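Participant: Take a look at this one; I'll ask things after.
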Amino acid sequence: AHVGVATRNVVTAAPMPSTSTTHAMTTRAIPRRCACAPLRASRCKTTRARARVAAHRASSTSASSTAPADAPQRAVKFCIDRGGTFTDVYAEIPDASAPQGVSFVTIKLLSEDPRNYASAPREGIRRVLERVEGRAISRDEKVPTARIDWIRMGTTVGTNALLERKGAATALVTTRGFGDLLAIGNQARPDIFDLSIERPGTLYERVVEVDERVRVVSEGEMVQGECVVGSTGETVEILQKLNIDALRPKLQALLDDGIKSISVVLLHSYTFAEHEQVIGKLARDMGFEHVALSSALVPMVRAVPRGHTGAVDAYLTPCIRTYIDSFLDGFDDGLSEVKVSFMQSDGGLTPADNFSGYQAILSGPAGGVVGFALTTSAALRDDGDDGRTPIIGFDMGGTSTDVSRYDPRGGYEQVTETTTAGVTVQAPQLDITTVAAGGGSALTFRSGTFYVGPESVGSQPGPVCYRKGGALAVTDANLVLGRILPNYFPKIFGANEDEPLDYDASFAAFEELSKRINDETGGSLTTEEVAMGFLRVANEAMCRPIREITESKGYEISSHVLAAFGGAGPQHACAIARDLGMSTVFVHRFCGILSAYGMGLADVVAESQVACAAKYDNSDELAQAMTSMSTLKDRVTTQLTANGAFEPHDVRCECFLNLRYDGSDTAMMVPEPEDGDYAKAFRERFVREYGFDLKGRALLIDDVRVRGVANNTLLTRLPIASCAPGETPQARDSTRVYFEDLGWCDTPVFMFDSLLGGMSIEGPAIIMNGTSTCVIEPACVGEVTAYGDLKITVPITKAKSDGANEEDYSKPDAILISIFSNRFMGIAERMGRTLQRTSVSTNIKERLDFSCAIFGPDGGLVANAPHVPVHLGAMSATVSWQLDHWGFDGLHEGDVLVTNHPQAGGSHLPDITVVTPVFRDGKIVFFVASRGHHADVGGLTPGSMPPFSKTIADEGAAIKTFKLVDRGVYQEEGIVKLLTKPDTGSKGTRKLADNLSDLSAQVAANQRGITLLNELIDECGLNQVQAYMNHVQDNAELAVRDMLKQAARNVIADAARLGAEVSGERVTLKAVDCMDDGSQVYLTLTLDAEHGTADFDFTGTSNQVDGNWNAPPAVTNAAVIYSIRCLVKQEIPLNQGCLKPVTIAVPDGCFLSPSESAAVVGGNVLTSQRVTDVCLAAFGACANAQGCMNNLTFGDDTFGYYETIGGGAGAGPDFHGASAVQCHMTNTRITDPEILERRYPVILREFSIRHGSGGDGQTHGGDGIVRRLEFLKDITVSVLSERRVFAPKGLAGGADGARGVNTLTRANGEVIDLGGKNSIQVSRGDVLTIASPGGGGFGNPKKHT
């Protein structure tokens, strides 16, 4: 370890009994505003170690004031980040020789080293105390605590347990009918192109369903049962009281089986918690060690995330308690005088006995956010900043990179819902975005493209340079290019962990890869150019999330400072800043251990929250919310001042209202403004983020929240020695580093410890800071601050003008193909973010039933963000039709087109597409488009999904083309007429206001795409951008050809089993399947192994039907491109190139190419699934999935609701089909049960997995869903579904999945089979049950895997 004091020339060092790498520098503390922390709902049993902490909380606030006069001063402060691989320790220690009486020690050691110590954090503390006390402290004795003031720690123990699924044995207790609710979640699959759908398993081992049920009653609604007023002020009807006697033996059975931790989530417990509280008391009385009540942890509406949060807490808290107990048990009895606290996911500290599972997931990263935010803002103030400069945190580690944003004016950016390891947690957390690009990200070259990640080589075997037979990774690229210096790294590699990094092995691996790349592309890239290319691709991957957290929220990237930390962050910071147009990079002196250092800058926090259901404009209801706020203030203040921990004057309260507009689920947690006007603050923020205001809508209060913040004693910030005028830094060494555009450059190497305040370092340069390396690129200038940090000025590259961009880009650069693929896809994704944020309808904002894309000037698809598969590729036909119709001369700058007609490239009428041409110097250079499912466009039934439509006139407004905006002028009168009085004579829209709002959102999304495309053109020049638009498409074509060649060879090799006809290098397969009316989808698929082509010939498909499952050609194209993309099995841009090796033949007049007047509403949601099943079955890729979307609509003239219900996925040769999931051509989310019941006149009686409905096989098909809804008023219900007659087929001997069933049970007991398609009037008490189909099995059931 190194010991640092106030000046550089007084640093001393002595050996430590460890092989770990260590480093040290100086520091001080700065004041801060802190985030908040939710309180634990329940606690584990008290142990001896925890009793010590409790005793401490009862002691005096100041440890030194209670110590005897001759006792040593309690002055040692410990900040610890216990990571998955390494544990970092920063300690502030008394030092009489230092100018301000303190110095510091930093230690880095392995988190797991059982041969030498049981606890890495405690071992770090022991080593520091050996220095402080000047004596050896045996590892066998209790660690002395007499000199310790406080210990603050962050840990990944909870995160790792969640990732590795190594938590406690737990059970879920929930309302009857909802035992599978958390397993189903929102139905969406994580990767829409992965046929082997991988969803993380549930955290609980057992489920107990409870006989109880309540519901929230709408205002003015008649009720029959007992009613109470919930905590939100809402009326709650108790439909069934809790049967505690029936529950007791079920809980006892859990205890008998060794399950001692449970999570309880009952529907609507956010407002009616009594049933959960009774269960909690019973469980604790029976002997359960941990009971997590969702109503106590996060009393917020939405059962699924609240239930997941409770499950996480029950799963992780026992592990965390065990870990904390083990850590504390190694100290002597003086621990009762030491303040021990842990960092929570929201950036605040909490006492050790309050630390629990759901608060711990971002414990370590949160320390880094606090660290970069407060140290960088302090350094900027030192430099004369007015405190208004926002900061981007850039933490690059071994497997991933975390980015986050901090604004000194607004504090930490937080979210109330995040997903980690597939589990959604609903609790205040710092807003940290993670991208799978780190030092260990794997480097591969496939189909002419450079790929970085998302796979990681891990630490075992690790990168090639680790000497363990690993694969090429980003670390190898940095090593080969001279950005990592083996002589300055510890010799811990190789079989015996005593060798340096292996440069020769890394170079040889890149040399071999370079040869292969040049052979495949005909290029002449050097080994260094290949390594540099991978770094450029990695940098672009890391730029994407930074653009997401800034530009997507309306912030200008260039106005930010980039704060780089983590092991690899400073290596890449200058390049990242240059690419993003950021002029300043800040590297803190403790950048390698900033997460640990940040612990010392945080405050202790306590938080309390209650759900609410008040109208802000109602004075009585607002007053009640303010009364709740006062109660919460008292609660958090009492907690923070309990047992003398803090004085009341040390505590400040930060108050929040969680507000949203009526009819929208987009709530914002608004902090108390200076003038007290929450509504004004909400509207200002809404307009800033979304670009418009929903005038005339009521403002609702969903939650009241108070965060208590207690000021802590912080670390000391010490200046370093300053240089003399004109004094320059002295390099320790010199090396050669490879830079883009410059090649190899002689580069001085400086030691961070040798630098003095005021020194300036011109790039290129390398600064070694312990195990962290900072690369200052050429033309950049680094300045050492008075406190030993590094501020780097990065020159801003001037944008290229179109005229000056005369280079020849006709020959593709494989590196730039990957970079431009990322840029194009990033633009499409940010268009989608804009559309989601600015829309008002549930379909777009919550269900995510939309897609956004970029097109070339010929209408060819360039990039399509992966939103809804049925939209993929289909919009290209829409844009091409508009271009053919208007021609280039008919389109002008400021024009915006709207269309939804199937004959104009549409899918079905609710999917409205907005198309905008992108002009540059008066010429169309791109198109952008967005397609969204509108709540209603007219037609026979609410929701515009009529089951019995015969012609398109029955389905609503049909628009082939209309200039929604004509040369910048919005044509409101024209669009209103088209929607309310369709030319077809159909009934007009029932939701005009929502239609207009969502169309405006689509226009805004397109405008966002235009802005971003223009920025890209400004940066790179039009010639290069358009050249790589074509090269990206060519690359996708290459990837598809490679896949088709391999698929053809596989089929030829297995022709007998597959029934294929082989003719030389060509092979033909046939597949057929039926719709429920017997209409056939007939496919003849011909593959060419030599040229990599595929011919999809649908000749033989049945004629147009007298129903609505006719599908426009765009739908078939979308199904084909989706199937091909699934089979490629690698990340490629989804664009027109995917279809270049493919021909699709669909005979006119069949139901895949119907007439202009044909009804088509079911083609998009039903037939698309059948075409996909047929395509994938022809390839032998997987058995049939459920084969429909189970469309359900209900409503009347005052409202409409639409949802699609998941089912079973088909099994494949090496994977089981997933259960209860959206399959293939859709991936929309389903409405949370509590939101559904709160907003619509229904009771959801059951939402469960239809166990046993998946087909058997060597691998089995996924199970469907059972969804049961009871209606509370007379309305129209429509069901549009398939696979009610013909079952989803198994493949290769696998059994079929179960058919779906739709039934209506009348209130009088009559049961009606609705068939697959029906529309019916229901009355109060009627119950609809939809049992969705299962997926087919694959292979002989006797050969189970």
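As shown in the structure tokens, the chain order sets the letters A, B, ...; within each chain, residues go from 1, and ligands are also counted from 1 in the order they appear.
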List the spatial neighbours of Ser760 in chain A as a list of chain:residue names - criterion: any atom at most 9 Å away, only C-alpha atoms, same-chain residues fewer than 2 positions off excluded.
Facilitator: A:Thr728, A:Pro729, A:Gly757, A:Gly758, A:Glu762, A:Val781, A:Gly782, A:Glu783, A:Val784
Participant: What would the file look like if the residues just selected were written as a PDB file, in the first residue's frame with N, CA, C and O atoms?
Facilitator:
ATOM      1  N   THR A 728       8.163  22.239 -15.861  1.00  0.00           N
ATOM      2  CA  THR A 728       7.489  21.257 -16.709  1.00  0.00           C
ATOM      3  C   THR A 728       7.575  19.874 -16.089  1.00  0.00           C
ATOM      4  O   THR A 728       8.512  19.570 -15.342  1.00  0.00           O
ATOM      5  N   PRO A 729       6.619  19.006 -16.386  1.00  0.00           N
ATOM      6  CA  PRO A 729       6.653  17.652 -15.828  1.00  0.00           C
ATOM      7  C   PRO A 729       7.783  16.831 -16.429  1.00  0.00           C
ATOM      8  O   PRO A 729       8.153  17.025 -17.592  1.00  0.00           O
ATOM      9  N   GLY A 757       0.629  20.583  -9.077  1.00  0.00           N
ATOM     10  CA  GLY A 757      -0.456  21.447  -9.476  1.00  0.00           C
ATOM     11  C   GLY A 757       0.007  22.553 -10.395  1.00  0.00           C
ATOM     12  O   GLY A 757       1.036  23.184 -10.170  1.00  0.00           O
ATOM     13  N   GLY A 758      -0.764  22.790 -11.462  1.00  0.00           N
ATOM     14  CA  GLY A 758      -0.421  23.823 -12.413  1.00  0.00           C
ATOM     15  C   GLY A 758       0.366  23.339 -13.604  1.00  0.00           C
ATOM     16  O   GLY A 758       0.566  24.095 -14.572  1.00  0.00           O
ATOM     17  N   GLU A 762       1.053  18.214 -22.825  1.00  0.00           N
ATOM     18  CA  GLU A 762       0.506  18.180 -24.170  1.00  0.00           C
ATOM     19  C   GLU A 762       0.506  16.762 -24.707  1.00  0.00           C
ATOM     20  O   GLU A 762       1.441  16.002 -24.494  1.00  0.00           O
ATOM     21  N   VAL A 781      -4.703  18.720 -24.438  1.00  0.00           N
ATOM     22  CA  VAL A 781      -3.810  19.280 -23.430  1.00  0.00           C
ATOM     23  C   VAL A 781      -4.378  18.990 -22.048  1.00  0.00           C
ATOM     24  O   VAL A 781      -5.539  19.307 -21.756  1.00  0.00           O
ATOM     25  N   GLY A 782      -3.552  18.362 -21.201  1.00  0.00           N
ATOM     26  CA  GLY A 782      -3.956  18.065 -19.838  1.00  0.00           C
ATOM     27  C   GLY A 782      -3.370  19.065 -18.869  1.00  0.00           C
ATOM     28  O   GLY A 782      -2.212  19.471 -18.987  1.00  0.00           O
ATOM     29  N   GLU A 783      -4.176  19.469 -17.892  1.00  0.00           N
ATOM     30  CA  GLU A 783      -3.725  20.411 -16.867  1.00  0.00           C
ATOM     31  C   GLU A 783      -3.965  19.792 -15.500  1.00  0.00           C
ATOM     32  O   GLU A 783      -5.072  19.321 -15.201  1.00  0.00           O
ATOM     33  N   VAL A 784      -2.917  19.770 -14.684  1.00  0.00           N
ATOM     34  CA  VAL A 784      -3.021  19.231 -13.330  1.00  0.00           C
ATOM     35  C   VAL A 784      -3.609  20.318 -12.438  1.00  0.00           C
ATOM     36  O   VAL A 784      -3.069  21.429 -12.359  1.00  0.00           O
TER      37      VAL A 784
END
Participant: Using the chain letters and numbers from this document, which residues of range 1059-1233 of chain A does DSSP assign to helix (DSSP H, G or I), as an NGL selection string?
Facilitator: :A and (1113-1128 or 1136-1139 or 1161-1179 or 1233)
Participant: Please produce an output containing N, CA, C and O atoms for each residue in the selection, written as a short mmCIF file (atom, residue, chain, number, x, y, z; two decimals), in the first residue's frame.
Facilitator:
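To be explicit, this is the file written out as result-v4.cif:
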data_model
loop_
_atom_site.label_atom_id
_atom_site.label_comp_id
_atom_site.auth_asym_id
_atom_site.auth_seq_id
_atom_site.Cartn_x
_atom_site.Cartn_y
_atom_site.Cartn_z
N PRO A 1113 -49.38 -7.61 -49.20
CA PRO A 1113 -48.03 -8.12 -49.47
C PRO A 1113 -46.98 -7.62 -48.49
O PRO A 1113 -46.01 -8.33 -48.20
N ALA A 1114 -47.14 -6.41 -47.96
CA ALA A 1114 -46.15 -5.87 -47.02
C ALA A 1114 -46.05 -6.75 -45.77
O ALA A 1114 -44.97 -6.86 -45.17
N VAL A 1115 -47.15 -7.37 -45.38
CA VAL A 1115 -47.12 -8.24 -44.20
C VAL A 1115 -46.30 -9.50 -44.48
O VAL A 1115 -45.51 -9.94 -43.64
N THR A 1116 -46.48 -10.09 -45.66
CA THR A 1116 -45.69 -11.27 -46.02
C THR A 1116 -44.21 -10.91 -46.09
O THR A 1116 -43.34 -11.67 -45.63
N ASN A 1117 -43.88 -9.76 -46.67
CA ASN A 1117 -42.49 -9.32 -46.71
C ASN A 1117 -41.91 -9.19 -45.30
O ASN A 1117 -40.77 -9.60 -45.04
N ALA A 1118 -42.71 -8.64 -44.39
CA ALA A 1118 -42.24 -8.48 -43.01
C ALA A 1118 -41.99 -9.84 -42.36
O ALA A 1118 -41.00 -10.02 -41.64
N ALA A 1119 -42.88 -10.81 -42.61
CA ALA A 1119 -42.70 -12.14 -42.03
C ALA A 1119 -41.45 -12.81 -42.57
O ALA A 1119 -40.71 -13.47 -41.83
N VAL A 1120 -41.19 -12.64 -43.86
CA VAL A 1120 -40.00 -13.25 -44.47
C VAL A 1120 -38.73 -12.62 -43.92
O VAL A 1120 -37.78 -13.32 -43.53
N ILE A 1121 -38.69 -11.28 -43.85
CA ILE A 1121 -37.47 -10.62 -43.38
C ILE A 1121 -37.24 -10.91 -41.90
O ILE A 1121 -36.10 -11.07 -41.45
N TYR A 1122 -38.32 -11.03 -41.12
CA TYR A 1122 -38.17 -11.41 -39.71
C TYR A 1122 -37.58 -12.81 -39.59
O TYR A 1122 -36.65 -13.05 -38.80
N SER A 1123 -38.10 -13.75 -40.36
CA SER A 1123 -37.61 -15.14 -40.29
C SER A 1123 -36.13 -15.21 -40.66
O SER A 1123 -35.34 -15.89 -39.99
N ILE A 1124 -35.75 -14.49 -41.71
CA ILE A 1124 -34.35 -14.49 -42.14
C ILE A 1124 -33.47 -13.89 -41.06
O ILE A 1124 -32.40 -14.42 -40.73
N ARG A 1125 -33.93 -12.78 -40.49
CA ARG A 1125 -33.12 -12.12 -39.44
C ARG A 1125 -32.94 -13.04 -38.24
O ARG A 1125 -31.85 -13.07 -37.63
N CYS A 1126 -33.94 -13.81 -37.89
CA CYS A 1126 -33.81 -14.76 -36.77
C CYS A 1126 -32.76 -15.83 -37.07
O CYS A 1126 -32.03 -16.26 -36.18
N LEU A 1127 -32.69 -16.24 -38.32
CA LEU A 1127 -31.78 -17.32 -38.70
C LEU A 1127 -30.34 -16.86 -38.84
O LEU A 1127 -29.42 -17.66 -38.78
N VAL A 1128 -30.12 -15.56 -39.06
CA VAL A 1128 -28.75 -15.05 -39.20
C VAL A 1128 -27.97 -15.24 -37.90
O VAL A 1128 -26.77 -15.52 -37.90
N GLN A 1136 -32.72 -2.99 -46.17
CA GLN A 1136 -33.14 -3.53 -47.46
C GLN A 1136 -32.18 -4.60 -47.97
O GLN A 1136 -32.56 -5.47 -48.73
N GLY A 1137 -30.91 -4.51 -47.52
CA GLY A 1137 -29.93 -5.50 -47.96
C GLY A 1137 -30.30 -6.91 -47.56
O GLY A 1137 -29.91 -7.88 -48.24
N CYS A 1138 -31.05 -7.06 -46.46
CA CYS A 1138 -31.45 -8.40 -46.02
C CYS A 1138 -32.30 -9.10 -47.08
O CYS A 1138 -32.34 -10.34 -47.13
N LEU A 1139 -33.00 -8.33 -47.91
CA LEU A 1139 -33.89 -8.92 -48.90
C LEU A 1139 -33.27 -9.01 -50.29
O LEU A 1139 -33.89 -9.57 -51.20
N VAL A 1161 -57.86 -6.49 -41.43
CA VAL A 1161 -57.44 -6.19 -40.06
C VAL A 1161 -56.80 -7.40 -39.38
O VAL A 1161 -55.89 -7.27 -38.56
N GLY A 1162 -57.24 -8.61 -39.71
CA GLY A 1162 -56.67 -9.80 -39.10
C GLY A 1162 -55.40 -10.28 -39.77
O GLY A 1162 -54.65 -11.07 -39.20
N GLY A 1163 -55.14 -9.82 -40.99
CA GLY A 1163 -53.93 -10.26 -41.68
C GLY A 1163 -52.67 -9.85 -40.95
O GLY A 1163 -51.70 -10.61 -40.88
N ASN A 1164 -52.67 -8.66 -40.40
CA ASN A 1164 -51.51 -8.14 -39.69
C ASN A 1164 -51.24 -8.90 -38.40
O ASN A 1164 -50.08 -9.14 -38.05
N VAL A 1165 -52.29 -9.31 -37.70
CA VAL A 1165 -52.13 -9.89 -36.37
C VAL A 1165 -52.31 -11.40 -36.32
O VAL A 1165 -51.95 -12.03 -35.33
N LEU A 1166 -52.85 -11.98 -37.38
CA LEU A 1166 -53.08 -13.43 -37.41
C LEU A 1166 -52.29 -14.10 -38.53
O LEU A 1166 -51.46 -14.98 -38.30
N THR A 1167 -52.54 -13.67 -39.75
CA THR A 1167 -51.91 -14.32 -40.90
C THR A 1167 -50.40 -14.14 -40.89
O THR A 1167 -49.64 -15.03 -41.31
N SER A 1168 -49.94 -13.00 -40.40
CA SER A 1168 -48.49 -12.78 -40.31
C SER A 1168 -47.82 -13.87 -39.48
O SER A 1168 -46.72 -14.33 -39.80
N GLN A 1169 -48.51 -14.32 -38.43
CA GLN A 1169 -47.96 -15.38 -37.58
C GLN A 1169 -47.91 -16.72 -38.32
O GLN A 1169 -46.96 -17.50 -38.15
N ARG A 1170 -48.93 -16.95 -39.16
CA ARG A 1170 -48.95 -18.22 -39.88
C ARG A 1170 -47.86 -18.25 -40.95
O ARG A 1170 -47.19 -19.26 -41.16
N VAL A 1171 -47.66 -17.14 -41.64
CA VAL A 1171 -46.60 -17.07 -42.64
C VAL A 1171 -45.24 -17.29 -41.98
O VAL A 1171 -44.38 -18.01 -42.51
N THR A 1172 -45.04 -16.71 -40.83
CA THR A 1172 -43.78 -16.89 -40.11
C THR A 1172 -43.58 -18.34 -39.72
O THR A 1172 -42.49 -18.91 -39.88
N ASP A 1173 -44.62 -18.97 -39.18
CA ASP A 1173 -44.52 -20.39 -38.81
C ASP A 1173 -44.13 -21.24 -40.01
O ASP A 1173 -43.31 -22.16 -39.91
N VAL A 1174 -44.74 -20.94 -41.16
CA VAL A 1174 -44.45 -21.72 -42.36
C VAL A 1174 -43.00 -21.52 -42.80
O VAL A 1174 -42.30 -22.48 -43.15
N CYS A 1175 -42.52 -20.29 -42.77
CA CYS A 1175 -41.14 -20.01 -43.19
C CYS A 1175 -40.14 -20.72 -42.28
O CYS A 1175 -39.19 -21.37 -42.75
N LEU A 1176 -40.34 -20.62 -40.98
CA LEU A 1176 -39.39 -21.22 -40.04
C LEU A 1176 -39.47 -22.75 -40.08
O LEU A 1176 -38.46 -23.44 -39.92
N ALA A 1177 -40.68 -23.28 -40.30
CA ALA A 1177 -40.82 -24.73 -40.41
C ALA A 1177 -40.11 -25.25 -41.67
O ALA A 1177 -39.50 -26.33 -41.65
N ALA A 1178 -40.16 -24.48 -42.75
CA ALA A 1178 -39.48 -24.90 -43.98
C ALA A 1178 -37.98 -25.02 -43.76
O ALA A 1178 -37.32 -25.93 -44.27
N PHE A 1179 -37.41 -24.13 -42.99
CA PHE A 1179 -35.99 -24.18 -42.67
C PHE A 1179 -35.68 -25.24 -41.61
O PHE A 1179 -34.51 -25.55 -41.36
N PRO A 1233 -52.24 -5.47 -14.18
CA PRO A 1233 -53.59 -5.74 -13.67
C PRO A 1233 -54.20 -4.58 -12.88
O PRO A 1233 -55.39 -4.30 -13.01
#
Participant: If you measure from CA of Ser1000 in chain A to CA of Pro857 in chain A, what distance in Å do you get, rounded to one decimal?
Facilitator: 23.6 Å
Participant: Neighbouring residues of Val1322 in chain A were defined as those with any atom within 9 Å, considering only C-alpha atoms; residues of the same chain fewer than 5 positions away were excluded. Please report them as a list of chain:residue names.
Facilitator: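 Answer for this query is A:Phe1271, A:Lys1273, A:Asp1274, A:Ile1275, A:Thr1276, A:Val1277, A:Leu1304, A:Arg1306, A:Val1327.
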Participant: Taking only C-alpha atoms into account, name the residue in A:Ile557, A:Leu162, A:Ala1183, A:Ala253 that is nearest to Ala1292 in chain A.
Facilitator: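 When distances to Ala1292 in chain A are compared using only C-alpha atoms, the smallest one comes from A:Ala1183.
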Participant: I'd like a table as CSV: residues in range 298-320 of chain A with an atom no more than 12 Å from range 1234-1242 of chain A, each row giving the shortest atom pair and its distance in Å to one decimal, only C-alpha atoms counted, sorted by chain and rising residue number.
Facilitator:
residue,atom,partner,partner_atom,distance
A:Met300,CA,A:Glu1234,CA,10.3
A:Val301,CA,A:Glu1234,CA,6.7
A:Arg302,CA,A:Glu1234,CA,5.5
A:Ala303,CA,A:Glu1234,CA,6.2
A:Val304,CA,A:Glu1234,CA,8.9
A:Pro305,CA,A:Glu1234,CA,11.1
A:Arg306,CA,A:Glu1234,CA,10.8
A:Gly307,CA,A:Glu1234,CA,11.8
Participant: Now that the selection is made, can you save its residues with N, CA, C and O atoms as a PDB file, in the first residue's frame?
Facilitator:
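The resulting again.pdb:
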ATOM      1  N   MET A 300     -46.646   1.691  -4.464  1.00  0.00           N
ATOM      2  CA  MET A 300     -46.946   2.340  -5.744  1.00  0.00           C
ATOM      3  C   MET A 300     -47.812   1.412  -6.581  1.00  0.00           C
ATOM      4  O   MET A 300     -47.658   0.192  -6.525  1.00  0.00           O
ATOM      5  N   VAL A 301     -48.722   2.003  -7.342  1.00  0.00           N
ATOM      6  CA  VAL A 301     -49.592   1.215  -8.188  1.00  0.00           C
ATOM      7  C   VAL A 301     -48.779   0.487  -9.250  1.00  0.00           C
ATOM      8  O   VAL A 301     -47.738   0.967  -9.671  1.00  0.00           O
ATOM      9  N   ARG A 302     -49.226  -0.680  -9.670  1.00  0.00           N
ATOM     10  CA  ARG A 302     -48.647  -1.607 -10.642  1.00  0.00           C
ATOM     11  C   ARG A 302     -48.083  -2.804  -9.902  1.00  0.00           C
ATOM     12  O   ARG A 302     -47.026  -2.755  -9.285  1.00  0.00           O
ATOM     13  N   ALA A 303     -48.835  -3.884  -9.991  1.00  0.00           N
ATOM     14  CA  ALA A 303     -48.544  -5.078  -9.205  1.00  0.00           C
ATOM     15  C   ALA A 303     -47.284  -5.790  -9.655  1.00  0.00           C
ATOM     16  O   ALA A 303     -46.558  -6.359  -8.831  1.00  0.00           O
ATOM     17  N   VAL A 304     -47.005  -5.791 -10.963  1.00  0.00           N
ATOM     18  CA  VAL A 304     -45.853  -6.569 -11.444  1.00  0.00           C
ATOM     19  C   VAL A 304     -44.533  -6.016 -10.935  1.00  0.00           C
ATOM     20  O   VAL A 304     -43.760  -6.739 -10.293  1.00  0.00           O
ATOM     21  N   PRO A 305     -44.192  -4.742 -11.175  1.00  0.00           N
ATOM     22  CA  PRO A 305     -42.917  -4.256 -10.627  1.00  0.00           C
ATOM     23  C   PRO A 305     -42.887  -4.238  -9.107  1.00  0.00           C
ATOM     24  O   PRO A 305     -41.838  -4.468  -8.505  1.00  0.00           O
ATOM     25  N   ARG A 306     -44.033  -3.972  -8.476  1.00  0.00           N
ATOM     26  CA  ARG A 306     -44.054  -3.987  -7.011  1.00  0.00           C
ATOM     27  C   ARG A 306     -43.807  -5.406  -6.492  1.00  0.00           C
ATOM     28  O   ARG A 306     -43.074  -5.621  -5.518  1.00  0.00           O
ATOM     29  N   GLY A 307     -44.391  -6.384  -7.181  1.00  0.00           N
ATOM     30  CA  GLY A 307     -44.174  -7.772  -6.795  1.00  0.00           C
ATOM     31  C   GLY A 307     -42.745  -8.216  -7.023  1.00  0.00           C
ATOM     32  O   GLY A 307     -42.157  -8.923  -6.192  1.00  0.00           O
TER      33      GLY A 307
END
Participant: I'd like the interatomic distance between CA of Lys845 in chain A and CA of Gly938 in chain A, to a tenth of an Å.
Facilitator: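 About the pair CA of Lys845 in chain A and CA of Gly938 in chain A: they are 20.6 Å apart.
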Participant: Which one is closest to Met222 in chain A: A:Glu237, A:Ser664, A:Pro121, A:Asn995? Count only C-alpha atoms.
Facilitator: A:Glu237
Participant: Could you give me, as a list in words, the residues within 9 Å of range 129-138 of chain A, counting only C-alpha atoms and dropping anything in the same chain fewer than 4 positions from it?
Facilitator: Val76, Ile93, Pro94, Asp95, Gly124, Ile125, Lys142, Val143, Pro144, Thr145, Arg147 and Ile148 of chain A
Participant: By how many Å are CA of Asn478 in chain A and CA of Met768 in chain A apart?
Facilitator: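 According to the coordinates, CA of Asn478 in chain A and CA of Met768 in chain A are separated by 14.4 Å.
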Participant: For Ala427 in chain A, list every protein, DNA or RNA residue within 9 Å, evaluated using only C-alpha atoms, and leave out those in the same chain fewer than 6 positions away; present the list as a list in words.
Facilitator: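 Neighbouring residues, sequence-local ones excluded: Ala37, Pro38, Leu297, Val298, Arg306, Thr309, Ser345, Asp346, Tyr358, Gln359, Val415, Thr416, Glu417 and Thr418 of chain A.
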Participant: Could you dump the residues just selected with C-alpha atoms as an mmCIF file, in the first residue's frame?
Facilitator:
data_model
loop_
_atom_site.group_PDB
_atom_site.id
_atom_site.type_symbol
_atom_site.label_atom_id
_atom_site.label_comp_id
_atom_site.auth_asym_id
_atom_site.auth_seq_id
_atom_site.Cartn_x
_atom_site.Cartn_y
_atom_site.Cartn_z
ATOM 1 C CA ALA A 37 -33.237 5.696 0.134
ATOM 2 C CA PRO A 38 -36.383 3.663 0.766
ATOM 3 C CA LEU A 297 -41.449 -1.580 0.393
ATOM 4 C CA VAL A 298 -42.942 0.391 -2.502
ATOM 5 C CA ARG A 306 -44.054 -3.987 -7.011
ATOM 6 C CA THR A 309 -39.365 -5.653 -5.886
ATOM 7 C CA SER A 345 -28.916 2.209 -5.216
ATOM 8 C CA ASP A 346 -30.176 5.797 -4.944
ATOM 9 C CA TYR A 358 -33.888 -4.333 -3.198
ATOM 10 C CA GLN A 359 -31.850 -1.261 -2.195
ATOM 11 C CA VAL A 415 -35.594 6.552 -11.999
ATOM 12 C CA THR A 416 -38.229 4.690 -10.035
ATOM 13 C CA GLU A 417 -38.120 1.534 -12.122
ATOM 14 C CA THR A 418 -35.189 -0.398 -13.557
#
Participant: What lies within 8 Å of range 1007-1012 of chain A using only C-alpha atoms, ignoring chain neighbours under 6 positions off, as a list in words?
Facilitator: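 Skipping anything fewer than 6 positions along the chain leaves Ile827, Ala828, Arg830, Met831, Thr834, Ile854, Thr916, Val918 and Val928 of chain A.
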Participant: Name the residues of range 167-270 of chain A that come out as strand (DSSP E or B) in a backbone DSSP run; write them as a PyMOL selection string.
Facilitator: chain A and resi 170-175+206-210+213-217+226-229+235-240+261-265
